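S.K.: The structure is given below, and queries will be raised subsequently.
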Number of protein chains: 2
Amino acid sequence: MKKILNKPEAFVQEMMEGIVAAYGDKVTTLNGDYRVLVKNTSTKKGKVGIVTAGGSGHLPVFLGYVGDGLLDGCAVGNVFASPSAQKMADMIKACDNGSGVLCLYGNYGGDKLNFDMACEMVEMDDIETRTVLVSDDVASSPQAIKEKRRGVAGMVYAFKIAGAAAESGLSLEEVTRVAKKALETTRTMGVALSPCIVPEVGKPTFTINENEIEIGMGIHGEPGIEVRPMMSADEIASLVLEKILEDAPLSSGDEVSVMVNGLGATPLEELLIVYRKLHQILSSIGVRIFMPHIGEFATSMEMAGLSVTVIKLDEELRNYLRFPGQSPFYTNANK
Amino acid sequence: MKKILNKPEAFVQEMMEGIVAAYGDKVTTLNGDYRVLVKNTSTKKGKVGIVTAGGSGHLPVFLGYVGDGLLDGCAVGNVFASPSAQKMADMIKACDNGSGVLCLYGNYGGDKLNFDMACEMVEMDDIETRTVLVSDDVASSPQAIKEKRRGVAGMVYAFKIAGAAAESGLSLEEVTRVAKKALETTRTMGVALSPCIVPEVGKPTFTINENEIEIGMGIHGEPGIEVRPMMSADEIASLVLEKILEDAPLSSGDEVSVMVNGLGATPLEELLIVYRKLHQILSSIGVRIFMPHIGEFATSMEMAGLSVTVIKLDEELRNYLRFPGQSPFYTNANK
């Protein structure tokens with residue numbers, strides 16, 4: 001398998017240089033540090049800051065959501081590796097407008113450890129922080145210990161909704177409440193058809209047999225719950241939605257948004273065929289879909305497969321979801 | 001290799017059902033015909049219609065550009081196959097607002113034959129049509145017979161710019177002039193790293209050896225100009241840009257837009273690394289880049305690889321490029 005790069009060890013640096021070359025009027029490095037990306041557009045005075053961080057290799061996650069009405073900053077790690085606490089602390093300081101900063105990120109050991117340290121570091125500068133962990137992957141841990149679940153594509157809804165709440169002028173407490181509320185009703189499950197290649201490793205980090213599909217695999221290739229013979233699009237849609245609804249049931253009259261997220265190598269045509277079935281099933285039980293998201297929102301480089309996210313909306317979440325938000329990698333113009 | 005689908009022969013129908021289920025408020029089928037997609041939003045009285053057509057398997061091309069300030073309609077063929085003349089004629093009639101219709105599509109034999117027939121068919125209904133062929137692929141034919149070149153990702157710029165001209169109220173003659181002018185300065189070249197699978201065939205339609213890259217390959221796997229040992233990102237960027245500039249030279253002070261288009265399986269990170277080098281080279285010769293497009297705009301399902309498009313802008317083309325345009329698959333909000 002081949003990758004388009006120069007030196008593997010320069011992968012992240014050169015990707016960041018590409019982003020700044022392309023979109024430098026909207027996002028930029030923090031004082032020339034290519035491992036912290038911040039907004040380069042005007043920010044409302046006193047707006048609560050929202051930041052995230054995580055390993056590279058998941059574009060548009062994480063840094064692709066730095067933008068207006070979305071995130072203020074993102075600390076950028078190596079491929080599939082957490083950035084350091086110091087980078088996170090620098091970022092939090094830069095993204096504080098005097099009203100505090102929400103740290104909103106996926107539930108992974110390294111990120112958690114480093115963010116906890118970073119929050120302690122900025123406390124000495126009298127910057128107030130709150131933390132909300134994204135743990136939407138139903139396949140990664142049973143319901144009884146759902147606080148151990150990993151954060152996957154559902155974080156995009158959390159970024160969007162919390163970002164809108166902050167842009168609307170809510171306080172740190174309130175933005176934190178809204179982010180938690182959004183995540184409380186967000187569930188994701190993925191399936192993988194092929195592995196991906198970490199540049200510095202240079203070969204697939206795991207294997208999936210031809211004619212097999214792994215159910216519930218994580219975005220770094222964490223093992224799923226089951227390997228099955230390859231399934232049809234309708235079977236995949238039905239199985240994944242069944243697992244999500246077992247965990248967070250829906251009733252007739254409910255409104256949701258649904259994301260069908262390609263992991264990297266899966267054609268958009270195939271995502272749409274899966275969406276078709278999800279729409280059929282949800283319609284049949286009286287659930288309406290608002291602002292579907294179909295495309296690549298949280299990838300694992302060239303992994304083939306997809307994830308499905310369902311978020312149940314109430315009026316408040318719906319309004320923040322449709323609120324304007326825009327980055328070089330995401331726009332909700334299609335509301 | 002695995003595809004997420006149900007029956008191969010239902011691939012296009014079910015993809016279309018997914019699109020209408022997701023985005024039916026913006027685009028819809030023509031009188032229930034799933035092989036013609038038309039805008040479902042209001043159209044200015046007397047606006048010149050713009051339509052396209054082509055085989056499936058290239059999303060967002062072609063139908064993904066039906067939207068406000070873009071295209072009015074798209075006839076949809078089977079994977080990599082032209083739709084029929086009758087579908088095209090139905091579409092042209094539906095997209096005429098009394099001011100005529102521009103047929104803007106890629107230079108492929110089947111599409112050309114069928115569109116020519118369709119234009120004759122609607123002549124009997126007194127609908128005036130014009131035809132502009134997209135033939136931006138520099139690798140597909142030498143400069144001396146460039147009218148034989150295939151149309152690839154550069155068509156997205158033509159859709160965007162002609163769509164803006166029509167939305168601005170220009171006449172059929174003028175919209176045609178603008179489309180031709182845009183294409184006159186548009187050049188594309190692609191490289192492929194792996195093949196793709198036509199659903200009804202079920203296996204790769206060609207092979208590229210491990211550790212090799214095919215230079216100049218078409219979006220249906222048409223042979224390129226050369227097979228080389230795998231190259232670095234900088235080498236790919238330099239080679240492709242060199243071929244483009246040989247064909248359409250640029251000078252210091254020129255302004256262009258640049259598209260780095262993923263063919264399906266190539267990570268966004270890698271497209272950004274290629275963009276970085278293109279930006280360096282163009283900057284070094286004094287060429288400015290406006291509104292870069294980096295992502296998947298014209299794919300070949302799960303093919304790995306990318307294409308680079310350069311369009312030279314003048315004030316008129318620049319203004320139409322930045323003019324608002326939006327579909328479920330494209331927005332130029334990031335101007």
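In the structure tokens, each chain is lettered A, B, ... as it comes, each chain's residues begin at 1, and ligands are numbered from 1 in order of appearance.
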I need the chain A residues near chain B as JSON, numbers by chain; criterion: at most 8 Å, counting only C-alpha atoms.
M.R.: {"A": [1, 2, 3, 4, 5, 6, 11, 14, 15, 16, 17, 18, 19, 21, 22, 57, 59, 60, 193, 210, 211, 230, 231, 232, 233, 234, 264, 265, 266, 267, 268, 269, 270, 272, 273, 274, 275, 276, 277, 279, 292, 301, 302, 326, 327, 328, 331, 333, 334]}
S.K.: I want to know what sits within 12 Å of Glu316 of chain A, based on only C-alpha atoms, with residues of the same chain fewer than 2 positions away left out; could you give that as a PDB file with N, CA and C atoms, in the first residue's frame?
M.R.:
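Wrote result_9.pdb, looks like this:
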ATOM      1  N   ILE A 161     -22.609  22.049  18.117  1.00  0.00           N
ATOM      2  CA  ILE A 161     -23.654  22.541  19.020  1.00  0.00           C
ATOM      3  C   ILE A 161     -23.058  23.397  20.133  1.00  0.00           C
ATOM      4  N   ALA A 162     -21.981  22.943  20.742  1.00  0.00           N
ATOM      5  CA  ALA A 162     -21.335  23.750  21.784  1.00  0.00           C
ATOM      6  C   ALA A 162     -20.777  25.043  21.186  1.00  0.00           C
ATOM      7  N   ALA A 164     -21.947  26.731  18.716  1.00  0.00           N
ATOM      8  CA  ALA A 164     -23.055  27.670  18.509  1.00  0.00           C
ATOM      9  C   ALA A 164     -23.506  28.279  19.827  1.00  0.00           C
ATOM     10  N   ALA A 165     -23.497  27.476  20.869  1.00  0.00           N
ATOM     11  CA  ALA A 165     -23.900  27.985  22.190  1.00  0.00           C
ATOM     12  C   ALA A 165     -22.929  29.075  22.650  1.00  0.00           C
ATOM     13  N   SER A 168     -23.381  32.200  20.678  1.00  0.00           N
ATOM     14  CA  SER A 168     -24.616  32.884  21.071  1.00  0.00           C
ATOM     15  C   SER A 168     -24.460  33.666  22.367  1.00  0.00           C
ATOM     16  N   VAL A 175     -22.521  26.728  28.361  1.00  0.00           N
ATOM     17  CA  VAL A 175     -21.947  26.032  27.201  1.00  0.00           C
ATOM     18  C   VAL A 175     -21.616  24.592  27.588  1.00  0.00           C
ATOM     19  N   ARG A 177     -23.090  22.839  29.927  1.00  0.00           N
ATOM     20  CA  ARG A 177     -24.370  22.126  30.041  1.00  0.00           C
ATOM     21  C   ARG A 177     -24.871  21.677  28.665  1.00  0.00           C
ATOM     22  N   VAL A 178     -24.809  22.573  27.692  1.00  0.00           N
ATOM     23  CA  VAL A 178     -25.308  22.255  26.346  1.00  0.00           C
ATOM     24  C   VAL A 178     -24.470  21.138  25.714  1.00  0.00           C
ATOM     25  N   ALA A 179     -23.147  21.209  25.873  1.00  0.00           N
ATOM     26  CA  ALA A 179     -22.286  20.162  25.306  1.00  0.00           C
ATOM     27  C   ALA A 179     -22.625  18.804  25.919  1.00  0.00           C
ATOM     28  N   LYS A 181     -25.416  17.904  27.329  1.00  0.00           N
ATOM     29  CA  LYS A 181     -26.759  17.505  26.900  1.00  0.00           C
ATOM     30  C   LYS A 181     -26.724  16.898  25.498  1.00  0.00           C
ATOM     31  N   ALA A 182     -25.972  17.529  24.603  1.00  0.00           N
ATOM     32  CA  ALA A 182     -25.868  17.005  23.234  1.00  0.00           C
ATOM     33  C   ALA A 182     -25.266  15.603  23.257  1.00  0.00           C
ATOM     34  N   LYS A 312     -30.269  12.635  19.225  1.00  0.00           N
ATOM     35  CA  LYS A 312     -31.672  13.027  19.417  1.00  0.00           C
ATOM     36  C   LYS A 312     -31.713  14.516  19.736  1.00  0.00           C
ATOM     37  N   LEU A 313     -32.574  15.231  19.052  1.00  0.00           N
ATOM     38  CA  LEU A 313     -32.622  16.685  19.188  1.00  0.00           C
ATOM     39  C   LEU A 313     -33.847  17.129  19.979  1.00  0.00           C
ATOM     40  N   ASP A 314     -33.671  18.167  20.789  1.00  0.00           N
ATOM     41  CA  ASP A 314     -34.826  18.919  21.259  1.00  0.00           C
ATOM     42  C   ASP A 314     -34.714  20.305  20.627  1.00  0.00           C
ATOM     43  N   ARG A 318     -31.517  21.510  18.386  1.00  0.00           N
ATOM     44  CA  ARG A 318     -31.828  21.743  16.971  1.00  0.00           C
ATOM     45  C   ARG A 318     -31.408  23.160  16.557  1.00  0.00           C
ATOM     46  N   ASN A 319     -31.730  24.125  17.397  1.00  0.00           N
ATOM     47  CA  ASN A 319     -31.387  25.507  17.050  1.00  0.00           C
ATOM     48  C   ASN A 319     -29.876  25.725  16.997  1.00  0.00           C
ATOM     49  N   TYR A 320     -29.149  25.111  17.931  1.00  0.00           N
ATOM     50  CA  TYR A 320     -27.688  25.254  17.892  1.00  0.00           C
ATOM     51  C   TYR A 320     -27.075  24.471  16.731  1.00  0.00           C
ATOM     52  N   LEU A 321     -27.708  23.366  16.368  1.00  0.00           N
ATOM     53  CA  LEU A 321     -27.186  22.605  15.229  1.00  0.00           C
ATOM     54  C   LEU A 321     -27.320  23.408  13.935  1.00  0.00           C
ATOM     55  N   ARG A 322     -28.416  24.109  13.787  1.00  0.00           N
ATOM     56  CA  ARG A 322     -28.627  24.849  12.539  1.00  0.00           C
ATOM     57  C   ARG A 322     -28.007  26.242  12.554  1.00  0.00           C
ATOM     58  N   PHE A 323     -27.554  26.684  13.690  1.00  0.00           N
ATOM     59  CA  PHE A 323     -26.896  27.985  13.836  1.00  0.00           C
ATOM     60  C   PHE A 323     -25.686  28.040  12.878  1.00  0.00           C
TER      61      PHE A 323
END
S.K.: Determine the nearest neighbour of Leu317 of chain B from the options B:Ser283, B:Thr207, B:Ser251, B:Thr185, counting only C-alpha atoms.
M.R.: B:Thr185
S.K.: Counting only C-alpha atoms, which of B:Glu184, B:Glu200, B:Glu222, B:Glu246 gets nearest to Asp136 of chain B?
M.R.: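 Counting only C-alpha atoms, the residue closest to Asp136 of chain B is B:Glu184.
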S.K.: For Thr41 of chain B, list every protein, DNA or RNA residue within 10 Å, evaluated using only C-alpha atoms, and leave out those in the same chain fewer than 5 positions away; present the list as a PyMOL selection string.
M.R.: chain B and resi 24-28+67-68+72
S.K.: Quick one: residues within 12 Å of Cys103 of chain B, only C-alpha atoms, excluding same-chain residues fewer than 2 positions away - as a ChimeraX atom specification?
M.R.: /B:48-54,71-75,88-89,91-93,95-96,100-101,105-107,111-112,114-116,118-119,128-134,158-159,162-163,172,175-176,179-180
S.K.: Mind writing the picked residues with N, CA and C atoms as a compact mmCIF listing (two decimals), in the first residue's frame?
M.R.:
# COMPACT_ATOMS: atom_id res chain seq x y z
N VAL B 48 -31.10 31.57 -17.42
CA VAL B 48 -30.60 30.57 -18.35
C VAL B 48 -30.41 29.25 -17.59
N GLY B 49 -30.87 28.17 -18.16
CA GLY B 49 -30.67 26.86 -17.54
C GLY B 49 -29.28 26.32 -17.85
N ILE B 50 -28.70 25.59 -16.91
CA ILE B 50 -27.44 24.87 -17.17
C ILE B 50 -27.63 23.43 -16.74
N VAL B 51 -27.31 22.52 -17.63
CA VAL B 51 -27.47 21.10 -17.31
C VAL B 51 -26.21 20.34 -17.66
N THR B 52 -26.09 19.19 -17.02
CA THR B 52 -24.99 18.29 -17.35
C THR B 52 -25.52 16.86 -17.33
N ALA B 53 -24.64 15.92 -17.57
CA ALA B 53 -25.01 14.50 -17.54
C ALA B 53 -23.73 13.70 -17.55
N GLY B 54 -23.84 12.46 -17.13
CA GLY B 54 -22.68 11.59 -17.16
C GLY B 54 -22.94 10.33 -16.38
N LEU B 71 -25.81 24.18 -11.11
CA LEU B 71 -26.54 23.56 -12.22
C LEU B 71 -28.03 23.45 -11.91
N ASP B 72 -28.83 23.39 -12.98
CA ASP B 72 -30.28 23.20 -12.80
C ASP B 72 -30.67 21.74 -12.86
N GLY B 73 -29.88 20.94 -13.55
CA GLY B 73 -30.27 19.54 -13.68
C GLY B 73 -29.11 18.67 -14.11
N CYS B 74 -29.28 17.37 -13.85
CA CYS B 74 -28.26 16.39 -14.25
C CYS B 74 -28.95 15.08 -14.60
N ALA B 75 -28.65 14.56 -15.78
CA ALA B 75 -29.12 13.22 -16.14
C ALA B 75 -28.06 12.21 -15.69
N MET B 88 -31.90 13.08 -21.24
CA MET B 88 -31.29 14.40 -21.39
C MET B 88 -32.31 15.40 -21.95
N ALA B 89 -33.10 14.95 -22.92
CA ALA B 89 -34.10 15.84 -23.51
C ALA B 89 -35.16 16.22 -22.48
N MET B 91 -34.75 16.42 -19.32
CA MET B 91 -34.10 17.35 -18.40
C MET B 91 -33.98 18.74 -18.99
N ILE B 92 -33.55 18.82 -20.24
CA ILE B 92 -33.39 20.14 -20.87
C ILE B 92 -34.72 20.88 -20.87
N LYS B 93 -35.78 20.17 -21.23
CA LYS B 93 -37.11 20.81 -21.24
C LYS B 93 -37.47 21.32 -19.84
N CYS B 95 -35.54 22.22 -17.49
CA CYS B 95 -34.64 23.26 -16.96
C CYS B 95 -34.65 24.53 -17.81
N ASP B 96 -35.50 24.57 -18.82
CA ASP B 96 -35.61 25.79 -19.61
C ASP B 96 -36.61 26.74 -18.94
N GLY B 100 -33.38 29.57 -22.73
CA GLY B 100 -32.45 28.61 -23.30
C GLY B 100 -31.63 27.88 -22.25
N VAL B 101 -30.94 26.87 -22.71
CA VAL B 101 -30.23 25.96 -21.80
C VAL B 101 -28.81 25.69 -22.33
N TYR B 105 -20.74 19.66 -20.24
CA TYR B 105 -20.43 18.29 -19.82
C TYR B 105 -19.09 17.83 -20.35
N GLY B 106 -18.65 16.73 -19.82
CA GLY B 106 -17.34 16.19 -20.15
C GLY B 106 -17.29 15.59 -21.55
N ASN B 107 -16.13 15.70 -22.17
CA ASN B 107 -15.94 15.27 -23.55
C ASN B 107 -15.74 13.76 -23.64
N ASP B 111 -21.68 10.51 -24.05
CA ASP B 111 -22.39 11.71 -23.58
C ASP B 111 -22.61 12.69 -24.74
N LYS B 112 -21.60 12.81 -25.58
CA LYS B 112 -21.67 13.76 -26.68
C LYS B 112 -22.75 13.33 -27.69
N ASN B 114 -25.33 11.40 -27.18
CA ASN B 114 -26.68 11.50 -26.62
C ASN B 114 -27.12 12.94 -26.42
N PHE B 115 -26.20 13.80 -26.00
CA PHE B 115 -26.57 15.20 -25.82
C PHE B 115 -26.90 15.85 -27.17
N ASP B 116 -26.14 15.48 -28.20
CA ASP B 116 -26.43 16.04 -29.54
C ASP B 116 -27.85 15.65 -29.97
N ALA B 118 -30.29 14.81 -27.96
CA ALA B 118 -31.24 15.47 -27.06
C ALA B 118 -31.49 16.92 -27.50
N CYS B 119 -30.44 17.60 -27.90
CA CYS B 119 -30.58 19.00 -28.33
C CYS B 119 -31.45 19.09 -29.59
N GLU B 128 -33.94 26.73 -27.14
CA GLU B 128 -32.61 27.02 -27.67
C GLU B 128 -31.57 26.39 -26.76
N THR B 129 -30.59 25.72 -27.32
CA THR B 129 -29.51 25.14 -26.51
C THR B 129 -28.15 25.56 -27.06
N ARG B 130 -27.18 25.54 -26.18
CA ARG B 130 -25.78 25.68 -26.57
C ARG B 130 -25.02 24.55 -25.88
N THR B 131 -23.91 24.18 -26.46
CA THR B 131 -23.09 23.10 -25.89
C THR B 131 -21.68 23.59 -25.63
N VAL B 132 -21.18 23.32 -24.43
CA VAL B 132 -19.77 23.55 -24.13
C VAL B 132 -19.21 22.26 -23.55
N LEU B 133 -18.20 21.75 -24.19
CA LEU B 133 -17.57 20.51 -23.73
C LEU B 133 -16.40 20.81 -22.80
N VAL B 134 -16.31 20.04 -21.74
CA VAL B 134 -15.18 20.15 -20.82
C VAL B 134 -14.09 19.18 -21.27
N ALA B 158 -15.98 24.98 -14.06
CA ALA B 158 -16.89 25.43 -15.13
C ALA B 158 -18.33 25.48 -14.62
N PHE B 159 -18.74 24.45 -13.86
CA PHE B 159 -20.09 24.47 -13.28
C PHE B 159 -20.27 25.69 -12.40
N ALA B 162 -19.98 29.16 -14.61
CA ALA B 162 -21.13 29.32 -15.51
C ALA B 162 -22.42 29.45 -14.70
N GLY B 163 -22.51 28.68 -13.62
CA GLY B 163 -23.69 28.76 -12.76
C GLY B 163 -23.88 30.15 -12.19
N LEU B 172 -28.06 33.49 -22.68
CA LEU B 172 -27.48 32.21 -23.07
C LEU B 172 -26.15 32.41 -23.80
N VAL B 175 -23.57 33.43 -21.05
CA VAL B 175 -23.22 32.32 -20.16
C VAL B 175 -22.31 31.34 -20.90
N THR B 176 -22.62 31.11 -22.16
CA THR B 176 -21.79 30.22 -22.98
C THR B 176 -20.38 30.79 -23.14
N ALA B 179 -18.50 30.30 -19.83
CA ALA B 179 -18.11 28.89 -19.62
C ALA B 179 -16.90 28.55 -20.49
N LYS B 180 -16.93 28.98 -21.74
CA LYS B 180 -15.80 28.71 -22.65
C LYS B 180 -14.53 29.39 -22.16
S.K.: Report, in Å with one decimal, the straight-line distance from atom CA of Val308 of chain B to atom CA of Val240 of chain B.
M.R.: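 Going from atom CA of Val308 of chain B over to atom CA of Val240 of chain B covers 7.1 Å.
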S.K.: Expressed in Å to a single decimal, how great is the separation between atom CA of Asn97 of chain B and atom CA of Lys44 of chain B?
M.R.: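 Atom CA of Lys44 of chain B lies at a distance of 8.6 Å from atom CA of Asn97 of chain B.
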S.K.: So how many Å separate atom CA of Gly77 of chain A and atom CA of Gly64 of chain A, to one decimal?
M.R.: 13.7 Å
S.K.: Going by DSSP on the backbone, which residues of segment 138-242 of chain A come out as strand (DSSP E or B)? List them as an MDAnalysis selection string.
M.R.: chainID A and resid 186:192 197 204 212:215 226:229
S.K.: Using only C-alpha atoms, find the one residue out of B:Phe297, B:Tyr65, B:Phe80, B:Tyr34 that sits nearest to Lys160 of chain B.
M.R.: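 Using only C-alpha atoms, the shortest distance to Lys160 of chain B belongs to B:Tyr65.
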S.K.: Please determine, counting only C-alpha atoms, which residue among A:Leu104, A:Pro199, A:Gly221, A:Val38 has the shortest atom-to-atom distance to Gly154 of chain A.
M.R.: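 Residue with the minimum atom-to-atom distance to Gly154 of chain A: A:Leu104.
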